[in-house]
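What follows is a short report on a single structure.
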There are 2 protein chains.
Amino acid sequence: MADGRPLFTSSLDRLLSPRSIAIVGASNRMPGIGGFVTANVIRAFGGAIYPVNPREAEVQGLPAFATVEDLPEGIDLAMVVVPALAVPAVVEALARRGVGGVVVITSGFAEVGGEGVALQARLAEIAARTGVRVAGPNCIGFMNLAEGAMANFVLDPTDEIPAGGPVALVSQSGGFGGYMVRKALTAGLGVGWFVSTGNEVDVNIAGVLRHLVERDEVKVLLAFSETLRDPEVFIETARRASELDKPMVVLKAGRSQAAARAAQAHTGSLVGSAEAFDAVCRQHGVFSAGSLEEMLDLGLIFQGGRRARGRRVGIITGSGGAGVMLTDACVLEGLSVPELPAGDQGALLALMPQPFMGSVVNPVDVTAQALAAPGALEGVLTGVPASDAVDMVSPVIIGNPTHPDMYIRAHRSTDKPIAFVSTLLPTSLLDAGVPAYTDPRRAARALAANAEFALRRRRPPVPAPVPDPARIAAARAILADAEPGTALIEADSKRLLALYGAPVTEEALCADADEAVAAAARIGGPVALKIMSVDLPHKSDVGGVRLGLAGDEAVRRGHAAMLGDVARNAPDARIAGVLVQQMVPARIEILCGMTRDPLFGPIVAIGLGGVLVEIIGEAALLRAPFDREDVLEALQAMLGGRLLAGGRGLDAAEADAVARLAMALGDAALELPEVAEIDVNPVRVANGAALAADALVVRA
Amino acid sequence: MADGRPLFTSSLDRLLSPRSIAIVGASNRMPGIGGFVTANVIRAFGGAIYPVNPREAEVQGLPAFATVEDLPEGIDLAMVVVPALAVPAVVEALARRGVGGVVVITSGFAEVGGEGVALQARLAEIAARTGVRVAGPNCIGFMNLAEGAMANFVLDPTDEIPAGGPVALVSQSGGFGGYMVRKALTAGLGVGWFVSTGNEVDVNIAGVLRHLVERDEVKVLLAFSETLRDPEVFIETARRASELDKPMVVLKAGRSQAAARAAQAHTGSLVGSAEAFDAVCRQHGVFSAGSLEEMLDLGLIFQGGRRARGRRVGIITGSGGAGVMLTDACVLEGLSVPELPAGDQGALLALMPQPFMGSVVNPVDVTAQALAAPGALEGVLTGVPASDAVDMVSPVIIGNPTHPDMYIRAHRSTDKPIAFVSTLLPTSLLDAGVPAYTDPRRAARALAANAEFALRRRRPPVPAPVPDPARIAAARAILADAEPGTALIEADSKRLLALYGAPVTEEALCADADEAVAAAARIGGPVALKIMSVDLPHKSDVGGVRLGLAGDEAVRRGHAAMLGDVARNAPDARIAGVLVQQMVPARIEILCGMTRDPLFGPIVAIGLGGVLVEIIGEAALLRAPFDREDVLEALQAMLGGRLLAGGRGLDAAEADAVARLAMALGDAALELPEVAEIDVNPVRVANGAALAADALVVRA
């Protein structure tokens, strides 16, 4: 792997890069799905093609085979366009003929419920048993323009075959996939690959992405995903994409509950939580797009392979208003629009007709004067990108460019990312591979994504903790004290977390008042007393908390009063003792918790604690395993980075302590599958420390 | 005004609805600005046209006048396209000829600095003195298609004259304005009016909007604003727009600081704070758009005049994936996608080919089967809008519609808003007035805006408080205790706010320990002691705060200890006394403050208090005057409504107390211009109360 080439061999090679294609259900009928698929295969493919049709001697000019059994052995790919009920037998027969991969276009499987579910199960069983790779059913095929495989009805046979390019598009949904391909082509994306996976009886989105990320000609991966079936492969793909400098953008559907119902009706499958998905994407350098247009906008800026070396944008405009809009958009996206150095300003000014009515500061506003002086405009268009003070450039052109060649030359004069903004999509620029956007916001978003991807620190994946048998044994001994499905008492919860390195308050579980007084004296300063009982997770509701007790007498009196209150309010509670706990100051209270996402496993959340949990509604989420850097990045990404911005926020030592706590929760979750949930609230933060002041570990 | 018609007469009538037009600087030269303006006026205008050109006997087929002095008296509008230095004399001469309005196209005024600034000042002086209304300079004119006035070079004379329509577009920037008009026309907006105001020497954005909102043919107002010069007129326009059911959408430029610099270079003018602008818009029912495309998207859904009666969306799709995306987008925008009632589902199912592979639940997924049965599709396209369970409908069409008439008929079959989603802009639908969008997100945003506008409670404007001389006198007596530019002590700050109805803690300013003990006994329960000194705004830094003192002895000891600490830490501070204050519980701490925005005047902010002010960065802003409803709406709009969502958030009584406090700050700011700033932090909220526990009123 020294040269960056993987030791990866894909079982999808024969399916997606076939040297021979059979079409079962090939047809002369137009319009019609079988006819379209046949025509698309024929018009683009250089290898052998075998139409199968029991009623025709010839299909679209090629000799037809009456049955699958008549086909030669060892065909790479078979397209299946026969009625649903016939599909299992056909795939079984294809497997017997040594076919490498099958694309089942036919619908009428799990998506229609009832008998379709059983039919799909049969198909899944055949794929698993025979080892033949099956894409679909209920998909629209795929398009591999690098190797001339138009094995689809994405495009009509009358549509031009796209020119290809570095962008790979993957979609579960056939209909929306087709919509995406057409829209992508219009937006100027060089789509070289499109794969639809449909009901995913075998081949799924994650597996296709994993295959495509290794292909040399693929430089950008875009995916529309309704249900992610293989999270580990998805994450592994993200890691490889980052390693190979290939941006990956995912548009996740089914984010809302009502949307989940729509997906249910559609694919009968589980939809993971949107927040966990976004967290996993952020953690692994994948863009989670907010809309289809955003996904394509990002694809456009990435496909040329240019990477920003910083976040400084040079803006060239002929309209002050457009320059202001674009500046706003850049700043909103975290980019800067710095003044150009005096030298650069002077050089630009020298180009312009005099007296010059515009500005060379940045935005460089050439005004309408430039229309009369195209030489000057070209000088600016190449001069601004050449400035050392900018990493990226966004010129605004009103309407379609009148001198497209000049803009194209300007684009070629630099290796910095350039995003044009124009009223309409300027096809002359797009055709020449020059990114252009129809709104300042969209151009700025694309440039910001480019910088984010380019400047992201790449580092090896965080390994899961090496299981520590002694630690596991100690933790299980503690867990044994709680019934399955119930929570450990606070004292035990913290002891367990401390095994994993969590910073917790100094404290002692005491059997009586004398022990409590002694513990308080040992801890020093004022202490808190808390009743410990598996029956009383909400201690303060029953008078089971006393705060700020200083001195032997106060501790003794507080102890007695508290036990009295608890005995009165919860006479039947089983009391494990009284926890004597160090009082710690808090400038700010944090919450740190762990839940298990059905798809991605242990997710650790960090948010503001106390009352605010319910009100702020924003948290940093991390999928375990993760490291300190991951935590800091996630905290930086929440609340506009203000939690780490200095002032009243966390200082470096405090952030570090929070990271240690979060990692303790993540490691505990990975090592101890019997821990269902952890809730540490509040984490009290002040004076360079962050201490778990309360904690609840729940057994599965 | 009983019939909703205004008593409004506009001084812009002659300028914007002229019966005669002179063109000073009319020209035969093409391409050229003078030539373009002349040609545009001639090709659209029905009234008399008077070209002025000293060197030509005839301009574009019309007899030319050599000088302004040769023109007949009383021409309504004069376009001025002469060199900048000649402009003042020309406008002066036009005023003498009784011209009603002048559009100065010429640039080279304040936007270029130096002599341009002086030149612009002369123009302003002439406008003010003569009463002639002047639009520009440095603008591109206007387009009033209702009355055939193409007094602009927005469009080239070779561009088709747009068909007109209910949308009015207003822009300060000429270049960006032209960009907007072209983009709007492409997006399917019926642009009937466009006005550019340029450097706004006289006529400004707010004034033009105020004029246009009263025009019957104008139904939607869209504005691009860099600098709002007339906030009162803007707010009055917003009020009228709401009254007349005319949506108004503003795209505000110069939101970022770097953007402010760009605007500076551009117009040499002050840019107001973006947050205050957004708050004013929200408070007055104006949409503040995040991008140009969003502004146009909203214009498109509004221009047909349809209004949603609720937030329930029916979705029709042929692709499950597209249905899921659209559902996501709707839910994200606060809309719902309810299941259709069984009866409606049955009726839809009966239309479909059997066995039906799709869904009639909602999204209604007709699948590819519908392509083969256009009759069924048309039944669904009219059936879903007819359902009582939906208020709006969004059908997805992949690619351009193959049966545009069917979609157009479906749109006409209902009066509910419909937003189509399509790969490309389907011009066949747009031309027929059917709204269509190229991304599910954008369609959902437009539908949500429609519902928001339609369902917004309309109420009369909140009046400023009637000045209360006794209250003002009492407040001024308190203010007199602080030097200008300094803060009142806490006790005085609260006394002042209490005059305006602010709920404050019970407290007493005490001269010595005996008074403090007596006050503590009167207040009851534990109390706080705070040092009061105009020299010590940060009391706790000098040991000037004691909390939770209960009983005479504790108060007396605390008093002595505190005075000792303060004497040691701040020996020179002038001590006004010790404030003895009720301790109040807080489930949550709020901040409430008032600052004066340079543009909009007193703005009251409500946010989370204490440490969190710096971290949350989100606050509800209100421009005074405002009422309780305004406060509740603003609180609802912040933090996703979670602050009022029950649970740990504010209950009704607490929200009410916060509203009273905010209104007290607003009223005080309006009545007392000498109050520069107010800061109430924390407001302690618990048990149905919200009390100002600390306060600072700063004198101007």
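Ligands are numbered from 1 in the order shown, chains are lettered A, B, ... in the order of the structure tokens, and residues start at 1 in each chain.
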Could you pull the residues within 12 Å of Arg55 of chain A, counting only C-alpha atoms, minus those fewer than 4 positions along the same chain, as an NGL selection string? :A and (25-28 or 51 or 59 or 63-67)
Grab the Cα RMSD for chain A fitted onto chain B, all atoms paired in sequence order, one decimal please. 0.2 Å
Segment 571-681 of chain B: which residues are strand (DSSP E) by DSSP, as a count of residues only? 36
In Å, how far is it from atom CA of Ser273 of chain A to atom CA of Pro231 of chain A? 12.6 Å
Just the residues within 9 Å of Arg495 of chain A, please, counting only C-alpha atoms, with nothing from its chain fewer than 5 positions along; format it as a list in words. Ala475, Ile478, Glu490 and Val504 of chain A
Please measure the separation of atom CA of Asp13 of chain A and atom CA of Gly100 of chain A, giving the value in Å to one decimal. 8.5 Å
Alpha helix (DSSP H) residues, from DSSP on the backbone, in segment 67-163 of chain A, as a ChimeraX atom specification: /A:87-96,115-130
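Closest approach to chain B from the set A:Val434, A:Ala482, A:Val324, A:Val68 is made by A:Val324, with distances taken over only C-alpha atoms.
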For a quick check of understanding, using only C-alpha atoms, which of A:Ile301, A:Leu425, A:Ala668, A:Thr595 has the smallest distance to Arg471 of chain A? A:Ala668
Considering only C-alpha atoms, return as a VMD selection string whatever protein or nucleic-acid residues lie within 10 Å of Leu479 of chain B, sequence-local ones (same chain, fewer than 6 positions apart) excluded. chain B and resid 473 487 to 488 492 to 493 496 672 674 to 675 697 to 699
May I have the residues from that selection written out with N, CA, C and O atoms, as a PDB file, in the first residue's frame?
ATOM      1  N   ALA B 473     -40.877  62.303  34.879  1.00  0.00           N
ATOM      2  CA  ALA B 473     -40.227  63.139  35.896  1.00  0.00           C
ATOM      3  C   ALA B 473     -39.558  62.264  36.949  1.00  0.00           C
ATOM      4  O   ALA B 473     -38.403  62.502  37.337  1.00  0.00           O
ATOM      5  N   ALA B 487     -23.250  54.333  34.482  1.00  0.00           N
ATOM      6  CA  ALA B 487     -24.399  53.487  34.806  1.00  0.00           C
ATOM      7  C   ALA B 487     -24.975  53.867  36.151  1.00  0.00           C
ATOM      8  O   ALA B 487     -24.247  54.248  37.070  1.00  0.00           O
ATOM      9  N   LEU B 488     -26.299  53.767  36.284  1.00  0.00           N
ATOM     10  CA  LEU B 488     -26.940  53.895  37.587  1.00  0.00           C
ATOM     11  C   LEU B 488     -26.527  52.709  38.445  1.00  0.00           C
ATOM     12  O   LEU B 488     -26.234  51.635  37.936  1.00  0.00           O
ATOM     13  N   ASP B 492     -30.973  51.910  41.864  1.00  0.00           N
ATOM     14  CA  ASP B 492     -31.638  52.955  41.075  1.00  0.00           C
ATOM     15  C   ASP B 492     -32.091  52.406  39.726  1.00  0.00           C
ATOM     16  O   ASP B 492     -33.162  52.768  39.217  1.00  0.00           O
ATOM     17  N   SER B 493     -31.268  51.542  39.124  1.00  0.00           N
ATOM     18  CA  SER B 493     -31.645  50.948  37.838  1.00  0.00           C
ATOM     19  C   SER B 493     -32.982  50.226  37.982  1.00  0.00           C
ATOM     20  O   SER B 493     -33.888  50.364  37.157  1.00  0.00           O
ATOM     21  N   LEU B 496     -35.957  52.548  38.521  1.00  0.00           N
ATOM     22  CA  LEU B 496     -36.376  53.151  37.251  1.00  0.00           C
ATOM     23  C   LEU B 496     -37.203  52.145  36.434  1.00  0.00           C
ATOM     24  O   LEU B 496     -38.290  52.465  35.930  1.00  0.00           O
ATOM     25  N   LEU B 672     -37.399  57.690  27.315  1.00  0.00           N
ATOM     26  CA  LEU B 672     -36.215  58.327  27.897  1.00  0.00           C
ATOM     27  C   LEU B 672     -35.038  58.228  26.937  1.00  0.00           C
ATOM     28  O   LEU B 672     -34.218  57.315  27.022  1.00  0.00           O
ATOM     29  N   GLU B 674     -32.427  59.652  26.958  1.00  0.00           N
ATOM     30  CA  GLU B 674     -31.136  59.735  27.647  1.00  0.00           C
ATOM     31  C   GLU B 674     -30.690  58.395  28.205  1.00  0.00           C
ATOM     32  O   GLU B 674     -29.578  58.292  28.728  1.00  0.00           O
ATOM     33  N   VAL B 675     -31.523  57.354  28.098  1.00  0.00           N
ATOM     34  CA  VAL B 675     -31.067  56.018  28.478  1.00  0.00           C
ATOM     35  C   VAL B 675     -30.399  55.384  27.254  1.00  0.00           C
ATOM     36  O   VAL B 675     -31.038  55.171  26.221  1.00  0.00           O
ATOM     37  N   VAL B 697     -28.698  50.380  34.235  1.00  0.00           N
ATOM     38  CA  VAL B 697     -29.213  51.343  33.255  1.00  0.00           C
ATOM     39  C   VAL B 697     -28.090  52.334  32.988  1.00  0.00           C
ATOM     40  O   VAL B 697     -27.549  52.922  33.930  1.00  0.00           O
ATOM     41  N   VAL B 698     -27.729  52.473  31.721  1.00  0.00           N
ATOM     42  CA  VAL B 698     -26.593  53.345  31.372  1.00  0.00           C
ATOM     43  C   VAL B 698     -27.108  54.642  30.761  1.00  0.00           C
ATOM     44  O   VAL B 698     -27.927  54.614  29.841  1.00  0.00           O
ATOM     45  N   ARG B 699     -26.656  55.765  31.287  1.00  0.00           N
ATOM     46  CA  ARG B 699     -27.035  57.068  30.730  1.00  0.00           C
ATOM     47  C   ARG B 699     -26.255  57.370  29.458  1.00  0.00           C
ATOM     48  O   ARG B 699     -25.091  57.017  29.331  1.00  0.00           O
TER      49      ARG B 699
END
Contacts of segment 169-177 of chain B within 7 Å, only C-alpha atoms, excl. fewer than 5 positions in-chain, as a PDB file with C-alpha atoms, in the first residue's frame:
ATOM      1  CA  SER A 319     -21.793  45.095  -9.803  1.00  0.00           C
ATOM      2  CA  GLY A 320     -21.143  46.394  -6.313  1.00  0.00           C
ATOM      3  CA  GLY A 321     -24.383  44.815  -5.106  1.00  0.00           C
ATOM      4  CA  ALA A 322     -23.411  41.377  -6.375  1.00  0.00           C
TER       5      ALA A 322
ATOM      6  CA  CYS B 139     -29.006  53.484 -11.276  1.00  0.00           C
ATOM      7  CA  ILE B 140     -30.382  51.597 -14.269  1.00  0.00           C
ATOM      8  CA  TRP B 193     -42.404  46.420 -11.938  1.00  0.00           C
ATOM      9  CA  PHE B 194     -38.703  46.894 -11.450  1.00  0.00           C
ATOM     10  CA  VAL B 195     -37.209  49.991  -9.845  1.00  0.00           C
ATOM     11  CA  SER B 196     -33.527  50.629  -9.197  1.00  0.00           C
ATOM     12  CA  THR B 197     -32.676  53.416  -6.767  1.00  0.00           C
ATOM     13  CA  GLY B 198     -28.882  53.599  -7.088  1.00  0.00           C
ATOM     14  CA  ILE B 205     -36.009  51.659  -1.467  1.00  0.00           C
ATOM     15  CA  LEU B 221     -43.020  42.950  -3.245  1.00  0.00           C
ATOM     16  CA  LEU B 222     -39.402  41.781  -3.542  1.00  0.00           C
ATOM     17  CA  ALA B 223     -36.508  44.031  -2.581  1.00  0.00           C
ATOM     18  CA  PHE B 224     -32.729  43.861  -2.613  1.00  0.00           C
ATOM     19  CA  SER B 225     -31.475  46.354  -0.059  1.00  0.00           C
ATOM     20  CA  GLU B 226     -27.913  47.303   0.801  1.00  0.00           C
TER      21      GLU B 226
END
I want to know what sits within 7 Å of Ile615 of chain A, based on only C-alpha atoms, with residues of the same chain fewer than 6 positions away left out; could you give that as a list of chain:residue names? B:Arg642, B:Leu643, B:Gly649
